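Engineer: One structure, pasted below without further comment.
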Amino acid sequence: MSHGPLDDDAVESYREAGAVLVEAMNEARSMVEPGRTQLEVAEWVEDFIREEGAGLAFPVNLSVDPEASHATPSRDDETEFGEEMVCLDVGVHVDGYIADAAVTVDHTGNVELVEAAEMALEAAVDEAGPGVEVGVVGKAIEDVIRGYGYTPVLNLSGHGVERYDAHTGPSVPNRGVDRSVELEPGQAVAIEPFATDGRGKVGEGTKEEIFELEREKSVRDRRARQALEEIEEFDGLPFAARWLSDDRAGVALRRLKQANVIKGYPVLKEADDALVSQAEHTLLITEDGVEVTTAGIHDFDG
């Protein structure tokens, strides 16, 4: 599928989403500290984004130590940060156009693991551009992370972001691939290296707090029907169970899952229970290069 150049309104919306994200991220990262609750940070970020007139592309992810993705606090969650490695992943949209970015906040002393993901992202951004194969971008990521003595998380990848869709093609691997698609002008792409001191594979954990509408379908259960009415307001984007007004929404969500109306996103954890770091930017692929819409959250951004 050929994308062609984005129209001016779309580009401006991508930029506005990125600007809101950068402001939220730079405040929130300082809040991720031992003794503060995960819920306080997540709700502050989400409230800030809404107050700025933007929307949430997905719930704030706060993935701790071996967790790589899909971790967000539950309703009334009192879990506090400790001496941990925390991947803070935020998604913002303006009129459906999405900015997706992540930083790692470290309180474990594993500075080089954080740096490996950051420098891998810098190399990937430098490599990316129109006509560049995503496998080449992946090789740049892998080379940097392995150069630090760590392993890229091989079964996670970057992805396209389209209007009201936070995960589309192309997939941008975190390793070198011989045959792969080329990046095209008009694409918006989130590149997100993950580095670990484990084997580099993630699997699904048991915790599940993030969901997404899969298909619209009538349901008979009253509580499930009420939950579905709220879910339909999220424009098909992922949502957190705690966003629903019913403080016992878990029952309704289980029924909606059983009816294949929604799907869940279990927390992804590193197979060896090893630490995971993450760094992410959203890029617009232009005719002559790239524009980083989330610039201002990583040291190499200048």
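Residues in the structure tokens are numbered from 1 in each chain, the chains being A, B, ... in the order shown, and ligands are numbered from 1 in the order shown.
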Step one, run DSSP on the backbone; step two, keep only residues of range 50-250 of chain A assigned to strand (DSSP E); then write them as a ChimeraX atom specification.
Structural biologist: /A:55-64,67-69,85-94,97-106,151-152,157-162,165-173,188-191,194-196,202-213,239-240
Engineer: Please provide as an NGL selection string all residues within 7 Å of Gly18 in chain A, with the sequence filter that same-chain residues fewer than 5 positions apart are discarded (counting only C-alpha atoms).
Structural biologist: :A and (99 or 293-294)
Engineer: Can those selected residues be exported to a file as a JSON list (two decimals), in the first residue's frame so that it contains C-alpha atoms?
Structural biologist:
[["chain", "number", "residue", "atom", "x", "y", "z"],
["A", 99, "ALA", "CA", 2.31, 10.15, 19.15],
["A", 293, "THR", "CA", 7.34, 14.32, 16.42],
["A", 294, "THR", "CA", 8.28, 13.36, 19.99]]
Engineer: Please report, as JSON lines, each residue of range 252-288 of chain A lying at most 12 Å from range 234-240 of chain A, together with the nearest pair of atoms and the separation in Å rounded to one decimal; use only C-alpha atoms, and order rows by chain and ascending residue number.
Structural biologist:
{"residue": "A:Leu253", "atom": "CA", "partner": "A:Ala240", "partner_atom": "CA", "distance": 10.7}
{"residue": "A:Val261", "atom": "CA", "partner": "A:Gly236", "partner_atom": "CA", "distance": 11.5}
{"residue": "A:Ile262", "atom": "CA", "partner": "A:Pro238", "partner_atom": "CA", "distance": 9.8}
{"residue": "A:Lys263", "atom": "CA", "partner": "A:Pro238", "partner_atom": "CA", "distance": 9.4}
{"residue": "A:Gly264", "atom": "CA", "partner": "A:Pro238", "partner_atom": "CA", "distance": 9.1}
{"residue": "A:Tyr265", "atom": "CA", "partner": "A:Pro238", "partner_atom": "CA", "distance": 9.0}
{"residue": "A:Pro266", "atom": "CA", "partner": "A:Ala240", "partner_atom": "CA", "distance": 11.8}
Engineer: Nearest to Val90 in chain A among A:Lys217, A:Arg36, A:His281, A:His107, with distances taken over only C-alpha atoms: which residue is it?
Structural biologist: A:His281
Engineer: Between range 57-95 of chain A and range 145-165 of chain A, at 9 Å or less, what are the per-residue closest atom pairs and their distances in Å? Count only C-alpha atoms, order by chain and rising residue number, and return it as a tab-separated table.
Structural biologist:
residue	atom	partner	partner_atom	distance
A:Ala57	CA	A:Tyr164	CA	7.6
A:Ala68	CA	A:Val153	CA	8.9
A:His93	CA	A:Tyr164	CA	7.9
A:Asp95	CA	A:Arg163	CA	7.9
Engineer: Measuring between only C-alpha atoms, which one of A:Asp65, A:Glu33, A:Glu133, A:Glu287 shows the shortest distance to Phe81 in chain A?
Structural biologist: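 Of all the options, A:Glu33 lies closest to Phe81 in chain A.
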Engineer: Just give me the gap between CA of Asn61 in chain A and CA of Ala102 in chain A in Å, one decimal is fine.
Structural biologist: 9.0 Å
Engineer: Can you build me a table of range 17-122 of chain A residues sitting at most 9 Å from range 197-216 of chain A, with the closest atom pair per residue and its distance in Å to one decimal, using only C-alpha atoms, sorted by chain and residue number, as a tab-separated table?
Structural biologist:
residue	atom	partner	partner_atom	distance
A:Phe58	CA	A:Ile210	CA	8.4
A:Pro59	CA	A:Ile210	CA	7.3
A:Pro66	CA	A:Val202	CA	8.9
A:Glu67	CA	A:Val202	CA	8.4
A:Ala68	CA	A:Val202	CA	7.5
A:His70	CA	A:Ile210	CA	6.8
A:Ala71	CA	A:Glu209	CA	7.2
A:Thr72	CA	A:Glu209	CA	6.4
A:Pro73	CA	A:Glu209	CA	7.3
A:Ser74	CA	A:Glu209	CA	6.4
A:Leu113	CA	A:Asp197	CA	7.8
Engineer: What would the file look like if the residues just selected were written as a PDB file, in the first residue's frame with N, CA and C atoms?
Structural biologist:
ATOM      1  N   PHE A  58      -3.591   5.196  24.313  1.00  0.00           N
ATOM      2  CA  PHE A  58      -3.650   3.967  25.101  1.00  0.00           C
ATOM      3  C   PHE A  58      -3.355   4.347  26.550  1.00  0.00           C
ATOM      4  N   PRO A  59      -3.680   3.483  27.507  1.00  0.00           N
ATOM      5  CA  PRO A  59      -3.381   3.803  28.907  1.00  0.00           C
ATOM      6  C   PRO A  59      -1.873   3.941  29.131  1.00  0.00           C
ATOM      7  N   PRO A  66      11.179  -6.905  34.954  1.00  0.00           N
ATOM      8  CA  PRO A  66      11.113  -7.809  33.805  1.00  0.00           C
ATOM      9  C   PRO A  66       9.934  -7.523  32.885  1.00  0.00           C
ATOM     10  N   GLU A  67       9.031  -6.631  33.301  1.00  0.00           N
ATOM     11  CA  GLU A  67       7.894  -6.308  32.449  1.00  0.00           C
ATOM     12  C   GLU A  67       8.375  -5.432  31.293  1.00  0.00           C
ATOM     13  N   ALA A  68       7.858  -5.720  30.088  1.00  0.00           N
ATOM     14  CA  ALA A  68       8.267  -4.951  28.919  1.00  0.00           C
ATOM     15  C   ALA A  68       7.153  -4.049  28.403  1.00  0.00           C
ATOM     16  N   HIS A  70       2.467  -3.288  28.395  1.00  0.00           N
ATOM     17  CA  HIS A  70       1.064  -3.568  28.748  1.00  0.00           C
ATOM     18  C   HIS A  70       0.792  -3.552  30.249  1.00  0.00           C
ATOM     19  N   ALA A  71       1.677  -2.990  31.050  1.00  0.00           N
ATOM     20  CA  ALA A  71       1.442  -2.909  32.487  1.00  0.00           C
ATOM     21  C   ALA A  71       0.896  -1.522  32.828  1.00  0.00           C
ATOM     22  N   THR A  72      -0.270  -1.490  33.425  1.00  0.00           N
ATOM     23  CA  THR A  72      -0.855  -0.228  33.888  1.00  0.00           C
ATOM     24  C   THR A  72      -1.561  -0.497  35.204  1.00  0.00           C
ATOM     25  N   PRO A  73      -1.637   0.473  36.097  1.00  0.00           N
ATOM     26  CA  PRO A  73      -2.233   0.215  37.411  1.00  0.00           C
ATOM     27  C   PRO A  73      -3.717  -0.133  37.321  1.00  0.00           C
ATOM     28  N   SER A  74      -4.171  -0.900  38.284  1.00  0.00           N
ATOM     29  CA  SER A  74      -5.590  -1.198  38.408  1.00  0.00           C
ATOM     30  C   SER A  74      -6.271  -0.099  39.218  1.00  0.00           C
ATOM     31  N   LEU A 113      22.310  -0.481  30.725  1.00  0.00           N
ATOM     32  CA  LEU A 113      21.162  -1.131  30.103  1.00  0.00           C
ATOM     33  C   LEU A 113      20.188  -0.079  29.561  1.00  0.00           C
TER      34      LEU A 113
END
Engineer: Figure out the distance between CA of Ala279 in chain A and CA of Val103 in chain A, please, to one decimal in Å.
Structural biologist: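 Atom-to-atom, CA of Val103 in chain A and CA of Ala279 in chain A are spaced 5.0 Å apart.
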Engineer: Could you name the residues that touch Met119 in chain A at 7 Å or less, counting only C-alpha atoms, but leaving out those on the same chain fewer than 4 positions away, as JSON, numbers by chain?
Structural biologist: {"A": [115, 123, 144]}
Engineer: If you count only C-alpha atoms, which residues fall within 7 Å of range 220-229 of chain A, apart from same-chain ones fewer than 6 positions away, as a ChimeraX atom specification?
Structural biologist: /A:244,252-253,255-256
Engineer: Take CA of Pro185 in chain A and CA of Asp288 in chain A and report the distance between them in Å, one decimal.
Structural biologist: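 Taking CA of Pro185 in chain A as the start and CA of Asp288 in chain A as the end point, the length is 8.3 Å.
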Engineer: Could you go through range 120-217 of chain A and tell me which residues DSSP, when run on the backbone, assigns to alpha helix (DSSP H), listing them as a ChimeraX atom specification?
Structural biologist: /A:120-127,134-147
Engineer: Quick one: everything within 7 Å of range 26-31 of chain A, counting only C-alpha atoms, minus sequence neighbours fewer than 6 positions away in the same chain. Send it as a VMD selection string.
Structural biologist: chain A and resid 41 45 105 297
Engineer: Which residue, A:Pro5, A:Gly55, A:Gly135, A:Gly176, has the smallest gap to Thr286 in chain A when you use only C-alpha atoms?
Structural biologist: A:Pro5
Engineer: Nearest to Ala259 in chain A: which of A:Gly296, A:Val219, A:Cys87, A:Glu280 is it, counting only C-alpha atoms?
Structural biologist: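 Among the listed residues, A:Val219 lies closest to Ala259 in chain A.
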Engineer: Here is a test: counting only C-alpha atoms, which residue of A:Val86, A:Ala274, A:Ala19, A:Ala10 is nearest to Thr104 in chain A?
Structural biologist: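 Of the candidates, the smallest distance to Thr104 in chain A is held by A:Val86.
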